[in-house]
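Structure file run31.txt with compact mmCIF, C-alpha atoms and all ligand atoms:
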```txt
# COMPACT_ATOMS: atom_id res chain seq x y z
CA MET A 1 -19.92 -3.49 -4.39
CA LYS A 2 -18.20 -6.28 -2.44
CA VAL A 3 -15.47 -4.93 -0.18
CA LEU A 4 -12.72 -6.73 1.76
CA VAL A 5 -10.98 -4.77 4.51
CA ILE A 6 -7.60 -5.99 5.82
CA GLY A 7 -6.71 -5.28 9.45
CA SER A 8 -8.03 -5.61 12.96
CA GLY A 9 -7.84 -2.26 14.74
CA ALA A 10 -10.30 0.45 15.71
CA ARG A 11 -9.36 2.14 12.44
CA GLU A 12 -10.60 -0.90 10.52
CA HIS A 13 -13.72 -1.01 12.67
CA ALA A 14 -14.37 2.66 11.80
CA LEU A 15 -13.78 1.92 8.10
CA CYS A 16 -16.09 -1.12 8.22
CA ARG A 17 -18.75 0.84 10.11
CA SER A 18 -18.77 3.59 7.45
CA LEU A 19 -18.72 1.04 4.62
CA SER A 20 -21.59 -0.89 6.22
CA LEU A 21 -23.67 2.31 6.18
CA ASP A 22 -22.95 2.90 2.47
CA PRO A 23 -25.86 1.59 0.34
CA VAL A 24 -23.59 0.61 -2.59
CA VAL A 25 -21.80 -1.93 -0.38
CA THR A 26 -23.63 -5.23 -0.85
CA ALA A 27 -21.15 -7.45 1.00
CA LEU A 28 -18.55 -6.52 3.58
CA HIS A 29 -15.68 -8.79 4.60
CA CYS A 30 -12.79 -8.23 6.97
CA ALA A 31 -9.64 -10.21 7.69
CA PRO A 32 -8.67 -10.88 10.36
CA GLY A 33 -10.98 -8.37 12.12
CA ASN A 34 -12.00 -8.39 15.79
CA ALA A 35 -15.06 -8.97 17.98
CA GLY A 36 -16.62 -5.58 17.13
CA ILE A 37 -16.00 -5.75 13.38
CA ALA A 38 -17.75 -9.15 13.39
CA GLU A 39 -21.01 -7.27 14.03
CA VAL A 40 -20.82 -5.44 10.67
CA ALA A 41 -18.65 -7.65 8.46
CA GLU A 42 -17.99 -11.31 7.81
CA LEU A 43 -14.60 -12.24 9.26
CA HIS A 44 -11.96 -14.42 7.62
CA GLN A 45 -8.79 -15.80 9.11
CA VAL A 46 -5.84 -14.79 6.97
CA ASP A 47 -2.29 -13.68 7.61
CA ALA A 48 -2.61 -9.96 6.76
CA LEU A 49 1.09 -9.84 5.84
CA ASP A 50 0.80 -12.59 3.23
CA GLY A 51 0.02 -10.96 -0.13
CA ALA A 52 -0.70 -14.28 -1.88
CA ALA A 53 -3.15 -15.32 0.85
CA VAL A 54 -4.91 -11.94 0.84
CA SER A 55 -5.27 -11.87 -2.95
CA ALA A 56 -6.49 -15.50 -2.96
CA LEU A 57 -9.14 -14.59 -0.38
CA ALA A 58 -10.18 -11.48 -2.35
CA THR A 59 -10.49 -13.56 -5.53
CA GLU A 60 -12.48 -16.28 -3.76
CA LEU A 61 -14.88 -13.68 -2.31
CA GLY A 62 -15.26 -11.95 -5.67
CA ALA A 63 -14.24 -8.68 -3.98
CA ASP A 64 -14.59 -5.55 -6.12
CA LEU A 65 -12.35 -3.56 -3.80
CA VAL A 66 -9.74 -4.41 -1.17
CA VAL A 67 -8.90 -1.81 1.49
CA VAL A 68 -5.61 -2.38 3.30
CA GLY A 69 -5.77 -0.68 6.71
CA PRO A 70 -2.44 -1.02 8.57
CA GLU A 71 1.08 -0.10 7.54
CA ALA A 72 2.72 -3.51 8.02
CA PRO A 73 0.89 -5.25 5.12
CA LEU A 74 1.42 -2.20 2.90
CA VAL A 75 5.16 -2.16 3.61
CA ALA A 76 5.17 -5.94 2.98
CA GLY A 77 3.67 -5.42 -0.51
CA VAL A 78 0.16 -6.80 0.08
CA ALA A 79 -1.43 -4.07 -2.07
CA ASP A 80 0.89 -5.01 -4.95
CA ALA A 81 -0.18 -8.66 -4.75
CA VAL A 82 -3.88 -7.74 -4.85
CA ARG A 83 -3.33 -5.31 -7.73
CA GLU A 84 -1.47 -8.02 -9.66
CA ALA A 85 -4.52 -10.26 -9.22
CA GLY A 86 -6.50 -7.60 -11.10
CA ILE A 87 -8.55 -6.38 -8.11
CA PRO A 88 -8.76 -2.65 -7.32
CA VAL A 89 -7.02 -1.95 -4.02
CA PHE A 90 -7.02 1.06 -1.74
CA GLY A 91 -3.48 1.36 -0.40
CA PRO A 92 -0.05 2.18 -1.79
CA SER A 93 2.50 -0.18 -3.31
CA LYS A 94 5.40 -1.48 -1.26
CA GLU A 95 7.72 1.06 -2.89
CA ALA A 96 5.43 4.04 -2.18
CA ALA A 97 4.70 2.83 1.38
CA ARG A 98 8.38 3.38 2.16
CA LEU A 99 7.22 6.93 2.83
CA GLU A 100 6.11 5.47 6.18
CA GLY A 101 8.36 2.41 6.33
CA SER A 102 11.60 4.38 6.26
CA LYS A 103 12.00 7.77 7.90
CA ALA A 104 15.20 8.30 5.90
CA PHE A 105 13.33 7.67 2.61
CA ALA A 106 10.60 10.12 3.67
CA LYS A 107 13.21 12.77 4.37
CA ASP A 108 14.72 12.20 0.92
CA VAL A 109 11.33 12.56 -0.79
CA MET A 110 10.61 15.73 1.17
CA ALA A 111 13.99 17.18 0.19
CA GLY A 112 13.25 16.36 -3.47
CA ALA A 113 9.78 17.93 -3.29
CA ASP A 114 10.86 20.96 -1.25
CA VAL A 115 8.44 20.04 1.52
CA PRO A 116 9.07 21.83 4.86
CA THR A 117 10.24 19.43 7.61
CA ALA A 118 12.68 19.29 10.53
CA ARG A 119 16.38 19.34 9.59
CA SER A 120 17.81 15.90 10.24
CA TYR A 121 20.76 13.51 10.10
CA VAL A 122 20.62 9.79 9.37
CA CYS A 123 23.09 8.05 11.73
CA THR A 124 24.43 4.51 11.94
CA THR A 125 27.38 4.83 14.35
CA PRO A 126 27.71 6.15 17.95
CA GLU A 127 30.06 8.87 16.65
CA GLU A 128 27.49 10.12 14.13
CA VAL A 129 24.83 10.01 16.84
CA ALA A 130 26.95 12.07 19.25
CA GLU A 131 27.70 14.61 16.55
CA ALA A 132 24.03 14.99 15.54
CA LEU A 133 22.81 15.30 19.15
CA ASN A 134 25.44 17.93 19.73
CA ALA A 135 24.54 19.84 16.56
CA PHE A 136 20.84 20.20 17.45
CA GLY A 137 21.02 20.37 21.26
CA ALA A 138 18.11 19.64 23.62
CA PRO A 139 15.31 18.65 23.43
CA TYR A 140 16.61 15.66 21.49
CA VAL A 141 14.49 13.85 18.87
CA VAL A 142 15.69 10.32 18.05
CA LYS A 143 13.73 8.12 15.64
CA ASP A 144 14.18 4.48 14.75
CA ASP A 145 14.40 4.40 10.94
CA GLY A 146 11.98 1.47 10.54
CA LEU A 147 8.35 0.80 11.42
CA ALA A 148 7.68 0.97 15.16
CA ALA A 149 3.91 1.52 15.56
CA GLY A 150 4.43 5.09 16.79
CA LYS A 151 6.69 3.89 19.58
CA GLY A 152 10.11 4.23 17.92
CA VAL A 153 10.46 7.92 18.66
CA VAL A 154 12.07 9.34 21.77
CA VAL A 155 11.83 13.05 22.52
CA THR A 156 13.86 13.88 25.61
CA GLY A 157 15.92 16.55 27.32
CA ASP A 158 18.24 13.85 28.65
CA VAL A 159 21.20 13.29 26.34
CA GLU A 160 21.94 9.89 27.96
CA ALA A 161 18.39 8.66 27.19
CA ALA A 162 18.73 9.96 23.63
CA ARG A 163 22.04 8.07 23.21
CA GLU A 164 20.56 4.89 24.68
CA HIS A 165 17.58 4.91 22.30
CA ALA A 166 19.90 5.51 19.33
CA ALA A 167 22.14 2.61 20.43
CA ALA A 168 19.14 0.27 20.52
CA CYS A 169 18.33 0.95 16.82
CA ASP A 170 20.32 -0.04 13.70
CA ARG A 171 19.78 3.22 11.93
CA VAL A 172 18.31 6.37 13.42
CA VAL A 173 17.14 9.73 12.23
CA ILE A 174 18.12 12.52 14.63
CA GLU A 175 16.37 15.78 14.02
CA GLU A 176 15.66 19.30 15.06
CA TYR A 177 12.93 19.69 17.72
CA LEU A 178 9.70 21.16 16.35
CA ASP A 179 7.69 23.31 18.71
CA GLY A 180 3.96 23.97 18.38
CA PRO A 181 0.65 22.11 18.20
CA GLU A 182 0.40 18.98 16.09
CA VAL A 183 -2.20 18.35 13.39
CA SER A 184 -2.95 15.15 11.49
CA LEU A 185 -4.17 15.83 7.98
CA PHE A 186 -5.20 12.92 5.77
CA ALA A 187 -5.54 13.02 2.01
CA ILE A 188 -7.02 10.49 -0.36
CA THR A 189 -5.04 10.24 -3.57
CA ASP A 190 -4.97 8.15 -6.74
CA GLY A 191 -1.37 9.13 -7.41
CA GLU A 192 -2.28 12.34 -9.17
CA THR A 193 -5.37 14.04 -7.73
CA VAL A 194 -5.17 14.80 -4.00
CA LEU A 195 -8.29 15.18 -1.89
CA PRO A 196 -7.63 16.39 1.65
CA LEU A 197 -9.96 15.27 4.45
CA GLN A 198 -10.74 17.33 7.58
CA PRO A 199 -7.86 17.88 10.04
CA ALA A 200 -7.77 16.14 13.41
CA GLN A 201 -5.56 16.21 16.47
CA ASP A 202 -4.15 13.09 18.08
CA PHE A 203 -2.89 12.65 21.67
CA LYS A 204 0.28 10.60 21.40
CA ARG A 205 1.45 10.49 25.01
CA ALA A 206 0.08 7.87 27.40
CA LEU A 207 -0.90 10.18 30.28
CA ASP A 208 -2.93 13.31 30.90
CA GLY A 209 -1.17 16.59 30.26
CA ASP A 210 0.96 14.97 27.52
CA GLU A 211 3.08 13.14 30.08
CA GLY A 212 4.43 9.61 29.85
CA PRO A 213 5.73 7.62 26.88
CA ASN A 214 4.66 7.91 23.23
CA THR A 215 1.90 5.53 22.17
CA GLY A 216 0.08 4.75 18.94
CA GLY A 217 -2.44 7.45 20.00
CA MET A 218 -4.76 7.75 23.01
CA GLY A 219 -7.54 9.91 21.58
CA ALA A 220 -8.43 12.45 18.92
CA TYR A 221 -10.87 15.17 17.95
CA SER A 222 -12.05 17.05 14.88
CA PRO A 223 -12.59 19.82 13.81
CA LEU A 224 -9.82 22.03 15.23
CA PRO A 225 -11.52 25.27 16.28
CA TRP A 226 -8.15 26.93 16.91
CA ALA A 227 -6.65 26.18 13.48
CA ASP A 228 -6.41 28.69 10.66
CA PRO A 229 -9.19 27.92 8.14
CA ALA A 230 -6.56 28.26 5.38
CA LEU A 231 -4.46 25.44 6.89
CA VAL A 232 -5.86 22.58 4.78
CA ASP A 233 -5.32 24.45 1.54
CA GLU A 234 -1.82 25.52 2.56
CA VAL A 235 -0.84 21.93 3.41
CA LEU A 236 -2.35 20.71 0.14
CA GLN A 237 -0.21 23.19 -1.82
CA THR A 238 3.04 22.93 0.16
CA VAL A 239 3.05 19.32 1.39
CA LEU A 240 0.49 16.87 0.00
CA GLN A 241 0.44 17.68 -3.72
CA PRO A 242 4.24 18.13 -4.01
CA THR A 243 4.83 14.79 -2.22
CA VAL A 244 2.38 12.93 -4.46
CA ASP A 245 3.92 14.59 -7.53
CA GLU A 246 7.46 13.68 -6.40
CA LEU A 247 6.58 10.01 -5.89
CA ARG A 248 4.92 9.86 -9.31
CA ARG A 249 7.99 11.54 -10.85
CA ARG A 250 10.19 8.86 -9.24
CA GLY A 251 8.12 6.15 -10.92
CA THR A 252 6.54 4.99 -7.64
CA PRO A 253 3.14 6.69 -7.62
CA PHE A 254 1.38 6.77 -4.26
CA SER A 255 -2.30 5.86 -4.23
CA GLY A 256 -4.32 5.41 -1.08
CA LEU A 257 -4.23 7.48 2.07
CA LEU A 258 -1.41 9.94 2.61
CA TYR A 259 -1.20 10.98 6.25
CA ALA A 260 0.72 14.14 7.05
CA GLY A 261 1.67 14.53 10.71
CA LEU A 262 2.35 18.25 11.05
CA ALA A 263 3.73 20.67 13.61
CA ILE A 264 2.39 24.22 13.42
CA THR A 265 5.57 26.02 14.48
CA GLY A 266 6.24 29.74 14.89
CA ARG A 267 8.08 29.55 11.57
CA GLY A 268 5.27 27.83 9.71
CA VAL A 269 3.97 24.32 9.05
CA ARG A 270 6.52 21.48 9.20
CA VAL A 271 6.04 17.77 8.46
CA ILE A 272 6.84 15.58 11.48
CA GLU A 273 6.14 12.34 9.65
CA PHE A 274 4.24 10.74 6.82
CA ASN A 275 2.15 7.63 7.16
CA ALA A 276 0.86 5.56 4.27
CA ARG A 277 -2.54 4.71 5.76
CA PHE A 278 -5.38 6.11 7.83
CA GLY A 279 -4.27 7.18 11.31
CA ASP A 280 -5.61 5.51 14.40
CA PRO A 281 -7.42 7.03 16.36
CA GLU A 282 -7.85 10.09 14.08
CA THR A 283 -9.80 8.05 11.51
CA GLN A 284 -12.52 7.44 14.07
CA VAL A 285 -13.29 11.19 14.31
CA VAL A 286 -12.70 12.06 10.67
CA LEU A 287 -15.06 9.33 9.41
CA ALA A 288 -17.63 10.26 12.07
CA ARG A 289 -17.92 13.63 10.30
CA LEU A 290 -17.73 12.46 6.66
CA ARG A 291 -21.13 12.57 4.93
CA THR A 292 -20.11 11.41 1.44
CA PRO A 293 -20.46 7.60 1.31
CA LEU A 294 -17.02 6.07 1.78
CA ALA A 295 -16.93 3.19 -0.72
CA GLY A 296 -17.14 5.42 -3.79
CA ILE A 297 -14.25 7.57 -2.54
CA LEU A 298 -11.97 4.60 -1.88
CA MET A 299 -12.92 2.99 -5.21
CA ALA A 300 -12.21 6.24 -7.10
CA ALA A 301 -8.75 6.38 -5.53
CA ALA A 302 -8.12 2.70 -6.29
CA THR A 303 -9.08 3.09 -9.95
CA GLY A 304 -7.52 6.49 -10.72
CA ASN A 305 -10.81 8.38 -10.95
CA LEU A 306 -10.57 10.87 -8.09
CA ALA A 307 -10.64 13.88 -10.42
CA ASP A 308 -14.24 13.00 -11.33
CA LEU A 309 -15.48 12.83 -7.73
CA GLU A 310 -17.92 15.44 -6.39
CA PRO A 311 -16.50 17.60 -3.56
CA LEU A 312 -16.67 15.78 -0.23
CA ARG A 313 -19.51 16.66 2.16
CA TRP A 314 -18.89 17.07 5.90
CA SER A 315 -21.07 17.28 8.96
CA ASP A 316 -20.87 20.48 11.04
CA GLU A 317 -20.77 18.36 14.16
CA ALA A 318 -17.68 17.80 16.27
CA ALA A 319 -16.31 14.35 17.05
CA VAL A 320 -14.15 13.07 19.91
CA THR A 321 -12.64 9.62 20.40
CA VAL A 322 -11.12 8.26 23.62
CA VAL A 323 -8.93 5.15 23.58
CA VAL A 324 -9.25 2.60 26.37
CA ALA A 325 -5.95 0.72 26.70
CA SER A 326 -4.84 -2.34 28.63
CA HIS A 327 -2.88 -2.32 31.85
CA ASN A 328 0.81 -1.53 31.11
CA TYR A 329 0.30 -0.21 27.52
CA PRO A 330 2.46 0.93 25.70
CA GLY A 331 4.62 -1.69 27.41
CA THR A 332 3.69 -5.37 27.05
CA PRO A 333 -0.06 -5.22 27.71
CA ARG A 334 -2.07 -7.50 29.98
CA THR A 335 -4.69 -9.34 27.88
CA GLY A 336 -7.52 -11.84 28.32
CA ASP A 337 -9.60 -9.70 30.72
CA PRO A 338 -13.37 -9.49 30.20
CA ILE A 339 -14.81 -6.20 28.92
CA THR A 340 -18.19 -5.18 30.34
CA GLY A 341 -20.66 -2.40 29.57
CA LEU A 342 -20.60 -2.71 25.77
CA ASP A 343 -24.32 -3.51 25.58
CA GLU A 344 -25.11 -0.63 27.91
CA VAL A 345 -23.32 1.85 25.62
CA ALA A 346 -25.21 0.44 22.64
CA ALA A 347 -28.52 0.74 24.51
CA LYS A 348 -28.05 4.15 26.14
CA ASP A 349 -25.55 6.18 24.11
CA ALA A 350 -26.12 5.24 20.46
CA PRO A 351 -26.23 6.76 17.91
CA HIS A 352 -24.21 9.70 19.30
CA ALA A 353 -21.60 7.53 20.99
CA TYR A 354 -20.39 4.08 20.01
CA VAL A 355 -17.55 1.68 20.67
CA LEU A 356 -15.01 0.78 18.02
CA HIS A 357 -13.02 -2.31 18.87
CA ALA A 358 -9.26 -2.74 18.50
CA GLY A 359 -7.64 -5.47 20.60
CA THR A 360 -10.69 -7.58 21.42
CA ARG A 361 -11.79 -11.13 20.80
CA ALA A 362 -15.02 -12.98 21.46
CA GLU A 363 -14.94 -16.08 23.63
CA GLY A 364 -18.06 -17.96 24.60
CA GLY A 365 -20.39 -14.97 24.68
CA ALA A 366 -17.85 -12.71 26.43
CA VAL A 367 -15.62 -10.07 24.84
CA LEU A 368 -12.02 -10.20 26.09
CA SER A 369 -9.12 -7.78 25.79
CA ALA A 370 -6.55 -8.97 23.27
CA GLY A 371 -4.11 -6.11 22.74
CA GLY A 372 -2.64 -2.83 23.97
CA ARG A 373 -5.23 -0.43 22.65
CA VAL A 374 -8.43 -2.34 23.38
CA LEU A 375 -11.16 -0.09 22.03
CA SER A 376 -12.01 3.52 21.34
CA VAL A 377 -15.24 5.26 22.21
CA THR A 378 -16.27 7.75 19.54
CA ALA A 379 -18.94 10.41 20.02
CA THR A 380 -20.38 13.28 18.03
CA GLY A 381 -22.07 16.45 19.27
CA ALA A 382 -23.00 19.99 18.33
CA ASP A 383 -19.58 21.10 19.58
CA LEU A 384 -16.48 19.55 21.15
CA THR A 385 -17.87 19.98 24.66
CA GLU A 386 -20.97 17.93 23.87
CA ALA A 387 -18.99 15.31 21.92
CA ARG A 388 -16.52 15.04 24.81
CA ASP A 389 -19.26 14.69 27.42
CA ARG A 390 -20.92 11.92 25.41
CA ALA A 391 -17.64 10.10 24.84
CA TYR A 392 -16.68 10.14 28.53
CA THR A 393 -20.19 9.15 29.63
CA ALA A 394 -19.85 6.05 27.48
CA VAL A 395 -16.25 5.37 28.60
CA ALA A 396 -17.49 5.37 32.22
CA ARG A 397 -19.86 2.48 31.42
CA ILE A 398 -17.02 0.27 30.19
CA GLY A 399 -15.41 -2.10 32.64
CA LEU A 400 -11.96 -3.59 32.01
CA ASP A 401 -9.75 -4.51 34.92
CA GLY A 402 -6.55 -2.44 35.06
CA SER A 403 -7.45 -0.41 31.96
CA GLN A 404 -6.34 3.16 31.40
CA HIS A 405 -7.52 6.12 29.37
CA ARG A 406 -6.72 9.80 29.20
CA THR A 407 -9.28 12.14 30.78
CA ASP A 408 -8.19 15.27 28.89
CA ILE A 409 -8.86 14.38 25.24
CA ALA A 410 -10.02 17.57 23.46
CA ALA A 411 -10.37 19.33 26.84
CA LYS A 412 -8.29 22.35 25.98
CA ALA A 413 -9.77 22.78 22.49
CA ALA A 414 -13.30 22.51 23.92
CA ALA A 415 -12.55 25.06 26.65
CA ASP A 416 -10.93 27.52 24.23
CA ALA A 417 -13.58 27.22 21.50
P1 LIG B 501 6.50 10.17 14.69
O1 LIG B 501 6.46 8.68 14.86
O2 LIG B 501 7.59 10.65 13.79
O3 LIG B 501 5.17 10.77 14.44
O4 LIG B 501 6.78 10.77 16.15
C1 LIG B 501 5.91 10.51 17.21
C2 LIG B 501 5.73 11.77 18.03
O5 LIG B 501 7.00 12.25 18.51
C3 LIG B 501 5.14 12.94 17.26
O6 LIG B 501 3.77 12.91 17.17
C4 LIG B 501 5.63 14.10 18.08
O7 LIG B 501 4.81 14.28 19.22
C5 LIG B 501 6.99 13.66 18.52
N1 LIG B 501 7.97 14.18 17.57
C6 LIG B 501 8.43 13.55 16.46
N2 LIG B 501 9.32 14.33 15.80
C7 LIG B 501 9.41 15.48 16.48
C8 LIG B 501 10.18 16.68 16.30
N3 LIG B 501 11.04 16.84 15.30
N4 LIG B 501 10.01 17.67 17.21
C9 LIG B 501 9.15 17.51 18.25
N5 LIG B 501 8.42 16.40 18.48
C10 LIG B 501 8.55 15.38 17.62
N1 LIG B 502 -2.33 8.16 15.49
C1 LIG B 502 -1.04 8.05 14.93
C2 LIG B 502 -0.93 7.05 13.89
O1 LIG B 502 -1.89 6.49 13.41
O2 LIG B 502 0.20 6.81 13.49
```
Give the structure from this file in structure tokens form.
Amino acid sequence: MKVLVIGSGAREHALCRSLSLDPVVTALHCAPGNAGIAEVAELHQVDALDGAAVSALATELGADLVVVGPEAPLVAGVADAVREAGIPVFGPSKEAARLEGSKAFAKDVMAGADVPTARSYVCTTPEEVAEALNAFGAPYVVKDDGLAAGKGVVVTGDVEAAREHAAACDRVVIEEYLDGPEVSLFAITDGETVLPLQPAQDFKRALDGDEGPNTGGMGAYSPLPWADPALVDEVLQTVLQPTVDELRRRGTPFSGLLYAGLAITGRGVRVIEFNARFGDPETQVVLARLRTPLAGILMAAATGNLADLEPLRWSDEAAVTVVVASHNYPGTPRTGDPITGLDEVAAKDAPHAYVLHAGTRAEGGAVLSAGGRVLSVTATGADLTEARDRAYTAVARIGLDGSQHRTDIAAKAAADA
């Protein structure tokens, strides 16, 4: 099977790594990719948001399957363009990807499917904003309605900060604050059959102890020793299947990866958000534990054959991933700095720990930082403590001037396990 992956983050590196280990994959291509992905896939320069260019590349390569990684191309309709060219594609249509692209649309789908989520108001004027903030009280949750790479959400006790964020957006969703631990649960779906993966937890705040601003995600771990073993099945029944059924009923079936961001509140599970693609960095830990070869799963989803797939097999090992970010992330990051220690990790820590690249580029034999989240170090172990130790041992070998990472990824779960 010839596979083309679209994207350039650590998520795409994790996808490419798993695909490169799958014996049915005879050729692996990625566009645009990064310096790490170049080690496992052939890179191509293409504008990932240009559906015509992506489908032309897929046709030229004779790709049997195209996997669209990030949300922006999905929301731009890239999967539709590839599907129209007659090539199986893993990723939802533009219409179905609105589940991520518009928070207001997601709320409407959840209301239609009776899926538990925070009560919310969609506001477009300062008066509506003031009324909604007043109705819910502190802490205030204010979300930009459009795509914002995980950075459009402000959760604050300060009503002035809440008002300011709302004023900076055209349309906002203001909602009830959800208390309790967060879980990311991914499901593969062909629009009908829904196959949940293993749950993971993401660390969204920039600094240790969940301080600082929201980011795209600073680390993750799986499994969740503290979670109820019935959680996955409950979310399948109350969230994932009803949402997939509702989108099919509306004539916009969702195929690809449905990501449920959940809060486990005292009153039960609530959806915080949906995403229409694999989460980053959760994908790094979920795929580290998946034993079933990946290409067949993605192809079954792309071609409507998930019902025929054997149950997924999982490793009993734990996995931890730690993101190394540039100076000033999630603000405008400093880029162009050399990254050292990558060879040392490969020599000393593999196969239990490895580096997945995000914002990197190769220049004359050196690897340079090229984005906010630069790379993530992923490690497996018999339990979270061992996986954590291995991940941080490898992180310590990496040199990047001014870089930052959290030191407490999976610390509490490992200590409590
Ligand atoms: P989102 O982009 O909707 O996932 O929001 C980013 C982060 O903001 C989430 O992972 C939560 O940590 C936080 N957040 C979002 N909505 C809520 C809510 N209703 N209550 C509490 N925290 C929230
Ligand atoms: N890790 C959060 C996300 O992928 O949106």
*Quick one: everything within 6 Å of region 371-385 of chain A, counting all atoms listed in the file, minus sequence neighbours fewer than 4 positions away in the same chain. Send it as a list in words.*
Glu317, Ala318, Ala319, Val320, Thr321, Val322, Val323, Val324, Ala325, Ser326, Tyr329, Pro333, His352, Ala353, Tyr354, Val355, Leu356, His357, Ala358, Gly359, Arg390, Ala391 and Ala414 of chain A
Hey, which bits of chain A sit within 8 Å of ligand LIG 502 (chain B), and for each residue what's the closest pair of atoms and how far apart in Å (one decimal), counting all atoms listed in the file, rows by chain and increasing number, as JSON lines?
```
{"residue": "A:Ala149", "atom": "CA", "partner": "B:LIG502", "partner_atom": "O2", "distance": 6.8}
{"residue": "A:Gly150", "atom": "CA", "partner": "B:LIG502", "partner_atom": "O2", "distance": 5.6}
{"residue": "A:Asp202", "atom": "CA", "partner": "B:LIG502", "partner_atom": "N1", "distance": 5.9}
{"residue": "A:Phe203", "atom": "CA", "partner": "B:LIG502", "partner_atom": "N1", "distance": 7.7}
{"residue": "A:Lys204", "atom": "CA", "partner": "B:LIG502", "partner_atom": "N1", "distance": 6.9}
{"residue": "A:Gly216", "atom": "CA", "partner": "B:LIG502", "partner_atom": "C1", "distance": 5.3}
{"residue": "A:Gly217", "atom": "CA", "partner": "B:LIG502", "partner_atom": "N1", "distance": 4.6}
{"residue": "A:Met218", "atom": "CA", "partner": "B:LIG502", "partner_atom": "N1", "distance": 7.9}
{"residue": "A:Asn275", "atom": "CA", "partner": "B:LIG502", "partner_atom": "O2", "distance": 6.7}
{"residue": "A:Arg277", "atom": "CA", "partner": "B:LIG502", "partner_atom": "O1", "distance": 7.9}
{"residue": "A:Phe278", "atom": "CA", "partner": "B:LIG502", "partner_atom": "O1", "distance": 6.6}
{"residue": "A:Gly279", "atom": "CA", "partner": "B:LIG502", "partner_atom": "O1", "distance": 3.2}
{"residue": "A:Asp280", "atom": "CA", "partner": "B:LIG502", "partner_atom": "O1", "distance": 4.0}
{"residue": "A:Pro281", "atom": "CA", "partner": "B:LIG502", "partner_atom": "N1", "distance": 5.3}
{"residue": "A:Glu282", "atom": "CA", "partner": "B:LIG502", "partner_atom": "N1", "distance": 6.0}
```
Selection from above, C-alpha atoms, as an mmCIF file, in the frame of the given file, can you write it?
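Done, and the output landed in out-v6.cif:
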```
data_model
loop_
_atom_site.group_PDB
_atom_site.id
_atom_site.type_symbol
_atom_site.label_atom_id
_atom_site.label_comp_id
_atom_site.auth_asym_id
_atom_site.auth_seq_id
_atom_site.Cartn_x
_atom_site.Cartn_y
_atom_site.Cartn_z
ATOM 1 C CA ALA A 149 3.910 1.520 15.560
ATOM 2 C CA GLY A 150 4.430 5.090 16.790
ATOM 3 C CA ASP A 202 -4.150 13.090 18.080
ATOM 4 C CA PHE A 203 -2.890 12.650 21.670
ATOM 5 C CA LYS A 204 0.280 10.600 21.400
ATOM 6 C CA GLY A 216 0.080 4.750 18.940
ATOM 7 C CA GLY A 217 -2.440 7.450 20.000
ATOM 8 C CA MET A 218 -4.760 7.750 23.010
ATOM 9 C CA ASN A 275 2.150 7.630 7.160
ATOM 10 C CA ARG A 277 -2.540 4.710 5.760
ATOM 11 C CA PHE A 278 -5.380 6.110 7.830
ATOM 12 C CA GLY A 279 -4.270 7.180 11.310
ATOM 13 C CA ASP A 280 -5.610 5.510 14.400
ATOM 14 C CA PRO A 281 -7.420 7.030 16.360
ATOM 15 C CA GLU A 282 -7.850 10.090 14.080
#
```
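A straight line drawn from CA of Gly112 (chain A) to CA of Pro229 (chain A) is 27.8 Å long.
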Listed atoms of region 1-16 of chain A boxed along x, y and z, 5 Å each side, centre and edge lengths in Å, one decimal, as AutoDock Vina command-line options:
```
--center_x -13.3 --center_y -2.0 --center_z 5.7 --size_x 23.2 --size_y 19.4 --size_z 30.1
```
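With all atoms listed in the file as the atoms that count, the minimum distance from Gly191 (chain A) to the choices A:Pro338, A:Gly304, A:Gly137, A:Gly157 is reached by A:Gly304.
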Check every protein, DNA and RNA residue against ligand LIG 501 (chain B), keep those with an atom at most 9 Å away (counting only C-alpha atoms and all ligand atoms), and present them as a short mmCIF file (atom, residue, chain, number, x, y, z; two decimals) with C-alpha atoms, keeping the file's coordinate frame.
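Everything below was put into result36.cif:
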```cif
data_model
loop_
_atom_site.label_atom_id
_atom_site.label_comp_id
_atom_site.auth_asym_id
_atom_site.auth_seq_id
_atom_site.Cartn_x
_atom_site.Cartn_y
_atom_site.Cartn_z
CA LYS A 103 12.00 7.77 7.90
CA THR A 117 10.24 19.43 7.61
CA ALA A 118 12.68 19.29 10.53
CA ARG A 119 16.38 19.34 9.59
CA SER A 120 17.81 15.90 10.24
CA PRO A 139 15.31 18.65 23.43
CA TYR A 140 16.61 15.66 21.49
CA VAL A 141 14.49 13.85 18.87
CA VAL A 142 15.69 10.32 18.05
CA LYS A 143 13.73 8.12 15.64
CA ASP A 144 14.18 4.48 14.75
CA LEU A 147 8.35 0.80 11.42
CA ALA A 148 7.68 0.97 15.16
CA ALA A 149 3.91 1.52 15.56
CA GLY A 150 4.43 5.09 16.79
CA LYS A 151 6.69 3.89 19.58
CA GLY A 152 10.11 4.23 17.92
CA VAL A 153 10.46 7.92 18.66
CA VAL A 154 12.07 9.34 21.77
CA VAL A 155 11.83 13.05 22.52
CA ILE A 174 18.12 12.52 14.63
CA GLU A 175 16.37 15.78 14.02
CA GLU A 176 15.66 19.30 15.06
CA TYR A 177 12.93 19.69 17.72
CA LEU A 178 9.70 21.16 16.35
CA ASP A 179 7.69 23.31 18.71
CA GLY A 180 3.96 23.97 18.38
CA PRO A 181 0.65 22.11 18.20
CA GLU A 182 0.40 18.98 16.09
CA VAL A 183 -2.20 18.35 13.39
CA ASP A 202 -4.15 13.09 18.08
CA PHE A 203 -2.89 12.65 21.67
CA LYS A 204 0.28 10.60 21.40
CA ARG A 205 1.45 10.49 25.01
CA ASN A 214 4.66 7.91 23.23
CA THR A 215 1.90 5.53 22.17
CA GLY A 216 0.08 4.75 18.94
CA GLY A 217 -2.44 7.45 20.00
CA GLY A 261 1.67 14.53 10.71
CA LEU A 262 2.35 18.25 11.05
CA ALA A 263 3.73 20.67 13.61
CA ARG A 270 6.52 21.48 9.20
CA VAL A 271 6.04 17.77 8.46
CA ILE A 272 6.84 15.58 11.48
CA GLU A 273 6.14 12.34 9.65
CA PHE A 274 4.24 10.74 6.82
CA ASN A 275 2.15 7.63 7.16
#
```
